[in-house]
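Chemist: Supplied structure: upload11.pdb, PDB, C-alpha atoms.
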MODEL        1
ATOM      1  CA  MET A   1       0.000   0.000   0.000
ATOM      2  CA  LYS A   2       1.334   3.395  -0.999
ATOM      3  CA  LYS A   3       2.005   5.825   1.841
ATOM      4  CA  TYR A   4       0.408   9.276   1.995
ATOM      5  CA  ILE A   5       1.395  11.595   4.835
ATOM      6  CA  ALA A   6      -0.197  15.022   5.297
ATOM      7  CA  LEU A   7       1.114  17.922   7.352
ATOM      8  CA  ILE A   8      -1.553  20.366   8.507
ATOM      9  CA  ASP A   9       0.021  23.654   9.584
ATOM     10  CA  CYS A  10      -1.856  26.693  10.928
ATOM     11  CA  ASN A  11      -0.913  29.863   9.025
ATOM     12  CA  ASN A  12       0.714  32.586  11.159
ATOM     13  CA  PHE A  13      -0.941  30.908  14.129
ATOM     14  CA  TYR A  14      -0.633  33.504  16.909
ATOM     15  CA  ALA A  15      -1.642  36.345  14.582
ATOM     16  CA  SER A  16      -4.540  34.256  13.248
ATOM     17  CA  CYS A  17      -5.751  33.615  16.809
ATOM     18  CA  GLU A  18      -5.901  37.364  17.432
ATOM     19  CA  ARG A  19      -7.914  37.818  14.243
ATOM     20  CA  VAL A  20     -10.481  35.192  15.282
ATOM     21  CA  PHE A  21     -11.522  37.400  18.192
ATOM     22  CA  ASN A  22     -11.147  40.672  16.284
ATOM     23  CA  PRO A  23     -12.257  40.235  12.635
ATOM     24  CA  SER A  24     -11.544  43.916  11.915
ATOM     25  CA  LEU A  25      -7.845  42.943  11.860
ATOM     26  CA  LYS A  26      -8.287  41.045   8.597
ATOM     27  CA  ASN A  27      -5.757  42.130   5.937
ATOM     28  CA  LYS A  28      -4.012  44.397   8.463
ATOM     29  CA  PRO A  29      -0.373  43.882   9.519
ATOM     30  CA  ILE A  30      -0.062  42.185  12.926
ATOM     31  CA  VAL A  31       2.877  41.272  15.144
ATOM     32  CA  VAL A  32       2.869  39.335  18.406
ATOM     33  CA  LEU A  33       5.591  39.942  20.979
ATOM     34  CA  SER A  34       7.390  37.621  23.393
ATOM     35  CA  ASN A  35       6.622  37.306  27.117
ATOM     36  CA  ASN A  36       8.191  40.623  28.089
ATOM     37  CA  ASP A  37       7.346  42.356  24.796
ATOM     38  CA  GLY A  38      11.015  42.242  23.822
ATOM     39  CA  CYS A  39      11.023  40.286  20.548
ATOM     40  CA  ILE A  40       8.690  39.626  17.635
ATOM     41  CA  ILE A  41       7.598  35.988  17.691
ATOM     42  CA  ALA A  42       4.756  36.014  15.148
ATOM     43  CA  ARG A  43       3.789  38.064  12.097
ATOM     44  CA  SER A  44       0.897  38.164   9.692
ATOM     45  CA  ASN A  45       1.703  38.010   5.967
ATOM     46  CA  GLU A  46       1.148  41.752   5.757
ATOM     47  CA  ALA A  47       3.768  42.340   8.454
ATOM     48  CA  LYS A  48       6.200  39.975   6.737
ATOM     49  CA  ASN A  49       5.790  41.951   3.514
ATOM     50  CA  LEU A  50       6.912  45.086   5.367
ATOM     51  CA  GLY A  51      10.247  43.397   6.090
ATOM     52  CA  ILE A  52       9.599  42.755   9.786
ATOM     53  CA  ARG A  53      11.764  39.799  10.753
ATOM     54  CA  MET A  54      11.034  36.911  13.080
ATOM     55  CA  GLY A  55      12.835  37.139  16.450
ATOM     56  CA  HIS A  56      13.828  40.753  15.857
ATOM     57  CA  PRO A  57      13.879  43.045  18.929
ATOM     58  CA  PHE A  58      10.736  45.171  19.043
ATOM     59  CA  PHE A  59      12.603  48.466  19.470
ATOM     60  CA  LYS A  60      14.509  47.910  16.207
ATOM     61  CA  CYS A  61      11.233  47.607  14.272
ATOM     62  CA  LYS A  62       9.357  50.354  16.070
ATOM     63  CA  SER A  63       9.695  52.933  13.283
ATOM     64  CA  ILE A  64       8.377  50.492  10.632
ATOM     65  CA  ILE A  65       5.561  49.420  12.959
ATOM     66  CA  GLU A  66       4.457  52.969  13.761
ATOM     67  CA  SER A  67       4.704  54.306  10.205
ATOM     68  CA  ASN A  68       2.680  51.395   8.803
ATOM     69  CA  LYS A  69       0.140  51.226  11.639
ATOM     70  CA  VAL A  70       1.050  47.644  12.489
ATOM     71  CA  GLN A  71      -1.183  46.171  15.202
ATOM     72  CA  VAL A  72       0.944  44.976  18.130
ATOM     73  CA  PHE A  73      -0.112  42.314  20.658
ATOM     74  CA  SER A  74       1.507  40.924  23.772
ATOM     75  CA  SER A  75       1.575  37.119  23.650
ATOM     76  CA  ASN A  76      -1.454  35.344  25.130
ATOM     77  CA  TYR A  77      -0.389  31.718  25.460
ATOM     78  CA  THR A  78      -3.573  30.671  27.263
ATOM     79  CA  LEU A  79      -5.592  31.769  24.228
ATOM     80  CA  TYR A  80      -3.170  30.173  21.753
ATOM     81  CA  ALA A  81      -3.153  26.852  23.642
ATOM     82  CA  ASP A  82      -6.969  26.818  23.729
ATOM     83  CA  MET A  83      -7.205  27.512  19.993
ATOM     84  CA  SER A  84      -4.580  24.845  19.319
ATOM     85  CA  ASN A  85      -6.609  22.303  21.305
ATOM     86  CA  ARG A  86      -9.688  23.162  19.241
ATOM     87  CA  VAL A  87      -7.824  22.695  15.946
ATOM     88  CA  MET A  88      -6.181  19.440  17.045
ATOM     89  CA  SER A  89      -9.462  18.065  18.424
ATOM     90  CA  ILE A  90     -11.099  18.582  15.033
ATOM     91  CA  ILE A  91      -8.238  16.842  13.248
ATOM     92  CA  LYS A  92      -8.206  13.941  15.729
ATOM     93  CA  SER A  93     -11.979  13.509  15.437
ATOM     94  CA  PHE A  94     -11.396  12.510  11.806
ATOM     95  CA  PHE A  95      -7.956  10.902  12.269
ATOM     96  CA  PRO A  96      -7.462   9.208  15.682
ATOM     97  CA  ASP A  97      -3.859   8.349  14.764
ATOM     98  CA  THR A  98      -2.616  11.924  14.601
ATOM     99  CA  GLU A  99       0.836  13.150  15.550
ATOM    100  CA  ILE A 100       0.573  16.578  17.164
ATOM    101  CA  TYR A 101       3.993  17.855  16.176
ATOM    102  CA  SER A 102       3.755  21.348  17.674
ATOM    103  CA  ILE A 103       1.189  23.890  18.861
ATOM    104  CA  ASP A 104       0.190  24.597  15.250
ATOM    105  CA  GLU A 105       1.238  21.484  13.280
ATOM    106  CA  ALA A 106      -0.019  17.919  12.980
ATOM    107  CA  PHE A 107       0.917  14.940  10.814
ATOM    108  CA  ILE A 108      -1.805  12.531   9.671
ATOM    109  CA  ASP A 109      -1.741   9.294   7.674
ATOM    110  CA  LEU A 110      -3.938   9.350   4.553
ATOM    111  CA  SER A 111      -2.776   5.993   3.231
ATOM    112  CA  PHE A 112      -6.335   4.626   3.422
ATOM    113  CA  LEU A 113      -7.380   6.978   0.605
ATOM    114  CA  ASP A 114      -7.370   6.459  -3.136
ATOM    115  CA  GLU A 115      -4.679   8.631  -4.732
ATOM    116  CA  LYS A 116      -7.220  10.440  -6.934
ATOM    117  CA  SER A 117      -9.029  11.831  -3.879
ATOM    118  CA  ILE A 118      -5.936  12.850  -1.889
ATOM    119  CA  GLU A 119      -5.888  16.536  -2.808
ATOM    120  CA  ASP A 120      -9.668  16.933  -2.478
ATOM    121  CA  TYR A 121      -9.495  15.412   0.987
ATOM    122  CA  GLY A 122      -6.783  17.889   1.967
ATOM    123  CA  LYS A 123      -9.021  20.743   0.819
ATOM    124  CA  GLU A 124     -11.908  19.357   2.868
ATOM    125  CA  ILE A 125      -9.772  19.188   6.027
ATOM    126  CA  ARG A 126      -8.648  22.761   5.505
ATOM    127  CA  LYS A 127     -12.218  23.945   4.920
ATOM    128  CA  LYS A 128     -13.539  22.292   8.104
ATOM    129  CA  VAL A 129     -10.785  23.679  10.355
ATOM    130  CA  LEU A 130     -11.391  27.179   8.972
ATOM    131  CA  ARG A 131     -15.171  26.923   9.313
ATOM    132  CA  TRP A 132     -15.141  25.552  12.858
ATOM    133  CA  THR A 133     -12.270  27.580  14.358
ATOM    134  CA  GLY A 134     -11.586  30.526  12.041
ATOM    135  CA  ILE A 135      -7.930  29.454  11.738
ATOM    136  CA  PRO A 136      -6.514  29.237   8.171
ATOM    137  CA  THR A 137      -4.226  26.300   7.453
ATOM    138  CA  SER A 138      -1.964  24.919   4.756
ATOM    139  CA  VAL A 139      -1.868  21.218   3.924
ATOM    140  CA  GLY A 140       1.159  19.510   2.394
ATOM    141  CA  ILE A 141       0.844  15.890   1.275
ATOM    142  CA  SER A 142       3.465  13.436   0.048
ATOM    143  CA  SER A 143       4.904   9.979   0.671
ATOM    144  CA  THR A 144       7.084  10.867   3.695
ATOM    145  CA  LYS A 145       7.007  13.351   6.573
ATOM    146  CA  THR A 146       9.985  15.277   5.189
ATOM    147  CA  LEU A 147       8.429  15.588   1.729
ATOM    148  CA  SER A 148       5.085  16.602   3.246
ATOM    149  CA  LYS A 149       6.970  19.375   5.078
ATOM    150  CA  VAL A 150       8.378  20.502   1.726
ATOM    151  CA  ALA A 151       4.891  20.353   0.175
ATOM    152  CA  ASN A 152       3.438  22.403   3.029
ATOM    153  CA  HIS A 153       6.172  25.029   2.689
ATOM    154  CA  ILE A 154       5.480  25.355  -1.051
ATOM    155  CA  ALA A 155       1.703  25.497  -0.473
ATOM    156  CA  LYS A 156       2.208  28.428   1.901
ATOM    157  CA  LYS A 157       4.628  30.224  -0.372
ATOM    158  CA  GLU A 158       2.496  29.800  -3.484
ATOM    159  CA  LYS A 159      -0.730  30.390  -1.489
ATOM    160  CA  THR A 160      -2.401  27.298  -2.915
ATOM    161  CA  GLY A 161      -3.645  26.116   0.483
ATOM    162  CA  VAL A 162      -3.118  22.454  -0.404
ATOM    163  CA  LEU A 163      -0.332  20.758  -2.335
ATOM    164  CA  TYR A 164       0.026  17.062  -3.104
ATOM    165  CA  LEU A 165       3.685  16.589  -3.998
ATOM    166  CA  ASN A 166       3.736  13.553  -6.281
ATOM    167  CA  GLN A 167       4.890  14.829  -9.691
ATOM    168  CA  GLY A 168       7.784  17.021 -10.727
ATOM    169  CA  ILE A 169       9.378  16.445  -7.327
ATOM    170  CA  ASP A 170      12.942  16.864  -8.614
ATOM    171  CA  GLU A 171      12.189  20.258 -10.164
ATOM    172  CA  LYS A 172      10.533  21.516  -6.982
ATOM    173  CA  LEU A 173      13.379  20.253  -4.796
ATOM    174  CA  LYS A 174      15.926  22.022  -7.029
ATOM    175  CA  LYS A 175      14.254  25.309  -6.046
ATOM    176  CA  PHE A 176      14.006  24.385  -2.362
ATOM    177  CA  PRO A 177      16.908  25.831  -0.272
ATOM    178  CA  ILE A 178      18.782  23.287   1.824
ATOM    179  CA  GLY A 179      18.310  25.473   4.927
ATOM    180  CA  ASP A 180      14.523  25.078   4.649
ATOM    181  CA  VAL A 181      14.619  21.272   4.714
ATOM    182  CA  TRP A 182      13.098  19.786   7.866
ATOM    183  CA  GLY A 183      15.873  18.429  10.093
ATOM    184  CA  VAL A 184      18.642  20.544   8.551
ATOM    185  CA  GLY A 185      19.738  23.089  11.137
ATOM    186  CA  LYS A 186      21.747  26.246  10.638
ATOM    187  CA  GLN A 187      25.180  24.675  11.168
ATOM    188  CA  LEU A 188      24.444  21.588   9.060
ATOM    189  CA  SER A 189      23.088  23.858   6.337
ATOM    190  CA  LYS A 190      26.394  25.774   6.280
ATOM    191  CA  PHE A 191      28.283  22.464   6.068
ATOM    192  CA  TYR A 192      26.163  21.230   3.168
ATOM    193  CA  ILE A 193      26.530  24.494   1.234
ATOM    194  CA  LYS A 194      30.284  24.408   1.795
ATOM    195  CA  ASN A 195      30.261  20.972   0.167
ATOM    196  CA  GLY A 196      28.172  22.027  -2.818
ATOM    197  CA  ILE A 197      24.753  20.936  -1.552
ATOM    198  CA  GLU A 198      22.611  24.054  -1.791
ATOM    199  CA  ASN A 199      19.140  22.642  -2.338
ATOM    200  CA  ALA A 200      16.971  19.668  -1.376
ATOM    201  CA  TYR A 201      17.473  17.938  -4.736
ATOM    202  CA  GLN A 202      21.249  17.858  -4.280
ATOM    203  CA  LEU A 203      20.797  16.235  -0.865
ATOM    204  CA  ARG A 204      18.263  13.790  -2.329
ATOM    205  CA  THR A 205      20.804  12.663  -4.941
ATOM    206  CA  ALA A 206      23.934  12.810  -2.767
ATOM    207  CA  SER A 207      25.888   9.668  -1.965
ATOM    208  CA  ASN A 208      24.454   7.952   1.115
ATOM    209  CA  THR A 209      27.947   6.780   2.047
ATOM    210  CA  TRP A 210      29.208  10.374   2.045
ATOM    211  CA  ILE A 211      26.219  11.597   4.062
ATOM    212  CA  LYS A 212      26.684   8.902   6.747
ATOM    213  CA  LYS A 213      30.405   9.555   6.912
ATOM    214  CA  SER A 214      30.126  13.367   6.923
ATOM    215  CA  THR A 215      27.034  13.901   9.102
ATOM    216  CA  ASN A 216      25.089  11.342  11.144
ATOM    217  CA  VAL A 217      22.162   8.916  11.056
ATOM    218  CA  LEU A 218      19.664  11.787  11.106
ATOM    219  CA  GLY A 219      21.283  13.310   8.015
ATOM    220  CA  SER A 220      20.991   9.973   6.246
ATOM    221  CA  ARG A 221      17.331   9.663   7.260
ATOM    222  CA  THR A 222      16.552  13.105   5.860
ATOM    223  CA  ALA A 223      18.128  12.207   2.506
ATOM    224  CA  MET A 224      16.227   8.909   2.366
ATOM    225  CA  GLU A 225      12.946  10.666   3.173
ATOM    226  CA  LEU A 226      13.594  13.138   0.346
ATOM    227  CA  ARG A 227      13.902  10.089  -1.924
ATOM    228  CA  GLY A 228      10.435   8.967  -0.837
ATOM    229  CA  ILE A 229      11.626   6.214   1.520
ATOM    230  CA  THR A 230       9.895   6.351   4.916
ATOM    231  CA  CYS A 231      12.415   6.557   7.767
ATOM    232  CA  ILE A 232      10.514   8.726  10.259
ATOM    233  CA  GLY A 233       7.256   7.200  11.440
ATOM    234  CA  LEU A 234       4.236   8.904  12.968
ATOM    235  CA  GLU A 235       4.446   9.328  16.742
ATOM    236  CA  THR A 236       0.813   9.199  17.772
ATOM    237  CA  HIS A 237       1.477   9.025  21.510
ATOM    238  CA  GLU A 238       2.069  12.439  23.048
ATOM    239  CA  VAL A 239       5.337  12.763  24.960
ATOM    240  CA  LYS A 240       5.715  15.175  27.857
ATOM    241  CA  ARG A 241       8.253  17.928  27.319
ATOM    242  CA  LYS A 242      11.552  17.168  29.008
ATOM    243  CA  ASN A 243      12.833  20.722  29.155
ATOM    244  CA  CYS A 244      11.666  24.299  29.182
ATOM    245  CA  CYS A 245      13.342  27.470  27.966
ATOM    246  CA  VAL A 246      12.589  31.045  28.997
ATOM    247  CA  SER A 247      14.220  33.886  27.052
ATOM    248  CA  ARG A 248      14.365  37.606  27.700
ATOM    249  CA  SER A 249      15.147  40.650  25.591
ATOM    250  CA  PHE A 250      15.405  44.348  26.373
ATOM    251  CA  GLY A 251      12.458  46.505  25.353
ATOM    252  CA  LYS A 252      14.821  49.189  24.073
ATOM    253  CA  LYS A 253      18.461  49.465  23.070
ATOM    254  CA  VAL A 254      20.825  49.495  26.088
ATOM    255  CA  THR A 255      24.319  50.919  25.592
ATOM    256  CA  ASP A 256      25.163  52.033  29.136
ATOM    257  CA  LEU A 257      26.987  49.398  31.227
ATOM    258  CA  GLN A 258      25.506  50.605  34.510
ATOM    259  CA  LYS A 259      21.946  50.350  33.176
ATOM    260  CA  LEU A 260      22.736  46.887  31.860
ATOM    261  CA  GLU A 261      24.025  45.792  35.283
ATOM    262  CA  GLU A 262      20.961  47.256  36.971
ATOM    263  CA  ALA A 263      18.592  45.457  34.606
ATOM    264  CA  ILE A 264      20.302  42.085  35.104
ATOM    265  CA  THR A 265      20.440  42.535  38.899
ATOM    266  CA  THR A 266      16.741  43.426  39.013
ATOM    267  CA  TYR A 267      15.814  40.422  36.864
ATOM    268  CA  LEU A 268      17.863  37.999  38.965
ATOM    269  CA  SER A 269      16.293  39.302  42.172
ATOM    270  CA  LEU A 270      12.841  38.401  40.844
ATOM    271  CA  ILE A 271      13.550  34.766  39.994
ATOM    272  CA  HIS A 272      14.478  31.716  42.036
ATOM    273  CA  ILE A 273      18.048  30.667  41.423
TER     274      ILE A 273
ENDMDL
END
Render the structure in this file as structure tokens.

Modeler:
Amino acid sequence: MKKYIALIDCNNFYASCERVFNPSLKNKPIVVLSNNDGCIIARSNEAKNLGIRMGHPFFKCKSIIESNKVQVFSSNYTLYADMSNRVMSIIKSFFPDTEIYSIDEAFIDLSFLDEKSIEDYGKEIRKKVLRWTGIPTSVGISSTKTLSKVANHIAKKEKTGVLYLNQGIDEKLKKFPIGDVWGVGKQLSKFYIKNGIENAYQLRTASNTWIKKSTNVLGSRTAMELRGITCIGLETHEVKRKNCCVSRSFGKKVTDLQKLEEAITTYLSLIHI
């Protein structure tokens, strides 16, 4: 039986959540800030088009934000978690064996479907999530999780909503930057580029012996998945997080050493060491 894996990914999730409860924000640029309003952690497409970058300190983008009347929101993780649960509950009601990959992403197995109905089914999933939650999604479908990630990325970029990646795969992978491949981090991306592998197609066709020798098992798995060979199965059982990270950023540029020392001292006095 041929394998069909779909990745359902909520578009600009945090910004979309804000729009659900304030429809007047539709088509307006939106950014969501981190816990202490230091960094930008989510952007609507309109905000992205203004050149506002992910993870950028808020104070560095303030002039762009003010001049373009960008709507700014402090993060509301209680709201985002609730909306995520609604989306995932809808998906799981149709597909009990669902892997909730992150707060806004889920993998599902569509192998029970006839290939002719694959894309239509993806459109139906997308339509139901939008109708019942107000959250827009993109659906990427292919034979492996890594290829479905590629399909989802292309669907978002080309604004098709749904993409079944089954034909012309080589041509699409030639245009897909190696740094955007799922499982290829920043450092590994630099290594690949240094060795002449600049896109997903070049990794797909690279020697498996060289990949194993030069990287690791994970690198080999990624290459095999790009070839359409399943190496990463669905993890349908939720695993509790083993670690937690809290980051902080200054709300404005700090150049004075004394002010920096004062800020760090104040922060440390408010947490348990």

Chemist: Specify as JSON, numbers by chain each residue included when the PyMOL selection byres ((chain A and resi 226) around 9) is applied to this file.

Modeler: {"A": [144, 146, 147, 173, 200, 201, 203, 204, 205, 221, 222, 223, 224, 225, 227, 228, 229, 230]}

Chemist: Enter the distance from CA of Ile5 (chain A) to CA of Tyr192 (chain A), in Å, rounded to one decimal.

Modeler: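 Interatomic distance, CA of Ile5 (chain A) to CA of Tyr192 (chain A): 26.6 Å.
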
Chemist: Can you list, as a count of residues only, the residues that the PyMOL selection byres ((chain A and resi 79-84) around 7) selects here?

Modeler: 11

Chemist: Kindly provide, as a short mmCIF file (atom, residue, chain, number, x, y, z; two decimals) with C-alpha atoms, in the frame of the given file, the polymer residues lying within 7 Å of (-6.8, 17.0, -6.9), counting only C-alpha atoms and using the coordinates exactly as they appear in the file.

Modeler:
data_model
loop_
_atom_site.label_atom_id
_atom_site.label_comp_id
_atom_site.auth_asym_id
_atom_site.auth_seq_id
_atom_site.Cartn_x
_atom_site.Cartn_y
_atom_site.Cartn_z
CA LYS A 116 -7.22 10.44 -6.93
CA SER A 117 -9.03 11.83 -3.88
CA ILE A 118 -5.94 12.85 -1.89
CA GLU A 119 -5.89 16.54 -2.81
CA ASP A 120 -9.67 16.93 -2.48
#

Chemist: What is the CA of Val139 (chain A) to CA of Ile8 (chain A) distance in Å?

Modeler: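 According to the coordinates, CA of Val139 (chain A) and CA of Ile8 (chain A) are separated by 4.7 Å.
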
Chemist: Expand the PyMOL selection byres ((chain A and resi 51-54) around 8) into the individual residues it matches in the shown file, reporting them as a ChimeraX atom specification.

Modeler: /A:40-43,47-50,55-56,61,64

Chemist: Rounded to one decimal in Å, what is the spacing between CA of Lys213 (chain A) and CA of Leu188 (chain A)?

Modeler: 13.6 Å

Chemist: Taking all atoms listed in the file into account, which of A:Ile90, A:Val150, A:Val31, A:Leu218 comes nearest Leu130 (chain A)?

Modeler: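 Smallest distance to Leu130 (chain A) is found for A:Ile90.
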
Chemist: Taking all atoms of region 112-127 of chain A that the file lists and extending 5 Å past them on each side, where is the centre of the axis-aligned box and how long are its edges? Answer in Å to one decimal, as AutoDock Vina command-line options.

Modeler:
--center_x -8.4 --center_y 14.3 --center_z -0.5 --size_x 17.5 --size_y 29.3 --size_z 23.0

Chemist: Need to verify the contact set: Ile178 (chain A), 8 Å, only C-alpha atoms, exclusion of same-chain residues closer than 2 positions in sequence. Can you return it as a list in words?

Modeler: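 Close residues of Ile178 (chain A): Phe176, Asp180, Val181, Val184, Ser189, Tyr192, Ile193, Ile197, Glu198, Asn199, Ala200 and Leu203 of chain A.
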
Chemist: Taking into account only C-alpha atoms, which residue in the set A:Ser207, A:Asn195, A:Ile154, A:Asp109 is nearest to Lys175 (chain A)?

Modeler: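 Among A:Ser207, A:Asn195, A:Ile154, A:Asp109, it is A:Ile154 that comes nearest to Lys175 (chain A).
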